[in-house]
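Participant: Questions regarding the structure given below will be posed in turn.
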Amino acid sequence: MKMQWALIAGLVFALLTGIFAVINVDSVQVNLLFNTVQIPLILLILGCTLIGGIIVGSYGIYRQYRLQRENKHLKLRVSELESSAASNSSFDSFKSMDSLDSTEQDSLLDNDSIQSQRKGNPTGTL
């Protein structure tokens, strides 16, 4: 929606500039520091508007390029952090699995010794 308003504003500005240029068709003297030239005012107005548009457009393209480059850099950083977080969480899950395995082994040993005592083995060994 923002781009549509910008396009409409640009067209209105171009229309007003065109009307202003058509009204001013007299020839004027322009000092270019090293030379003086006589050109129609309509060409001067349209030329200055065109140069201004090129400058603003160039800045917009540069800004867009810079933002895309920054976006790409930030996406790479996010993927690095996600992979780092994933590796840390898998490491934590391995730690919890090790502690779980040791508690399971202890409980299994307790169950084996109880079952062997029930079978009549007083030493608790198999």
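Going by the structure tokens order, chains are called A, B, ..., each with residues numbered from 1, while ligands are numbered from 1 in the order shown.
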Give me the residues near region 7-12 of chain A as JSON, numbers by chain, where near means some atom within 12 Å (using only C-alpha atoms) and where sequence neighbours in that chain fewer than 6 positions away do not count.

Facilitator: {"A": [1, 18, 19, 49, 53, 56]}

Participant: Write a file of the selected residues as a JSON list (two decimals), in the first residue's frame, keeping C-alpha atoms.

Facilitator:
[["chain", "number", "residue", "atom", "x", "y", "z"],
["A", 1, "MET", "CA", 0.00, 0.00, 0.00],
["A", 18, "GLY", "CA", 5.41, 19.23, -16.43],
["A", 19, "ILE", "CA", 2.74, 21.93, -16.15],
["A", 49, "THR", "CA", 14.02, 17.29, -12.26],
["A", 53, "GLY", "CA", 15.20, 11.79, -9.86],
["A", 56, "VAL", "CA", 17.14, 9.91, -5.44]]

Participant: Residues within 12 Å of Gly47 (chain A), please, as a CSV table (one decimal) with N, CA and C atoms, in the first residue's frame. Count only C-alpha atoms; anything in the same chain fewer than 6 positions from it doesn't count.

Facilitator:
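Here's the written file result_19.csv:
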chain,number,residue,atom,x,y,z
A,17,THR,N,5.3,19.3,-12.2
A,17,THR,CA,6.5,19.8,-12.8
A,17,THR,C,6.3,20.0,-14.3
A,18,GLY,N,5.7,19.1,-15.0
A,18,GLY,CA,5.4,19.2,-16.4
A,18,GLY,C,4.6,20.5,-16.7
A,21,ALA,N,6.8,23.5,-16.2
A,21,ALA,CA,7.8,23.6,-17.3
A,21,ALA,C,7.2,24.2,-18.5
A,39,ILE,N,19.5,28.7,-22.8
A,39,ILE,CA,18.7,27.5,-23.0
A,39,ILE,C,17.3,27.8,-22.6
A,40,PRO,N,16.3,27.1,-23.2
A,40,PRO,CA,14.9,27.3,-22.8
A,40,PRO,C,14.7,26.9,-21.3
A,41,LEU,N,13.9,27.6,-20.6
A,41,LEU,CA,13.7,27.3,-19.2
A,41,LEU,C,13.0,25.9,-19.0
A,53,GLY,N,15.8,13.1,-9.9
A,53,GLY,CA,15.2,11.8,-9.9
A,53,GLY,C,16.3,10.7,-9.9
A,54,ILE,N,17.3,10.9,-10.7
A,54,ILE,CA,18.4,10.0,-10.9
A,54,ILE,C,19.1,9.9,-9.5

Participant: I need the residues of region 1-84 of chain A that end up classed as strand (DSSP E) by DSSP on the backbone, written out as a PyMOL selection string.

Facilitator: chain A and resi 27-31+36-40

Participant: Taking the backbone alone, and naming residues the way the document does, which bits of region 10-92 of chain A are helix (DSSP H, G or I) by DSSP, as an MDAnalysis selection string?

Facilitator: chainID A and resid 10:23 41:92

Participant: Any idea what the distance is between CA of Val22 (chain A) and CA of Gln4 (chain A)?

Facilitator: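 That distance, rounded to one decimal, is 27.0 Å.
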
Participant: Separation of CA of Gln68 (chain A) and CA of Lys2 (chain A), in Å?

Facilitator: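 Between these atoms lies a distance of 19.1 Å.
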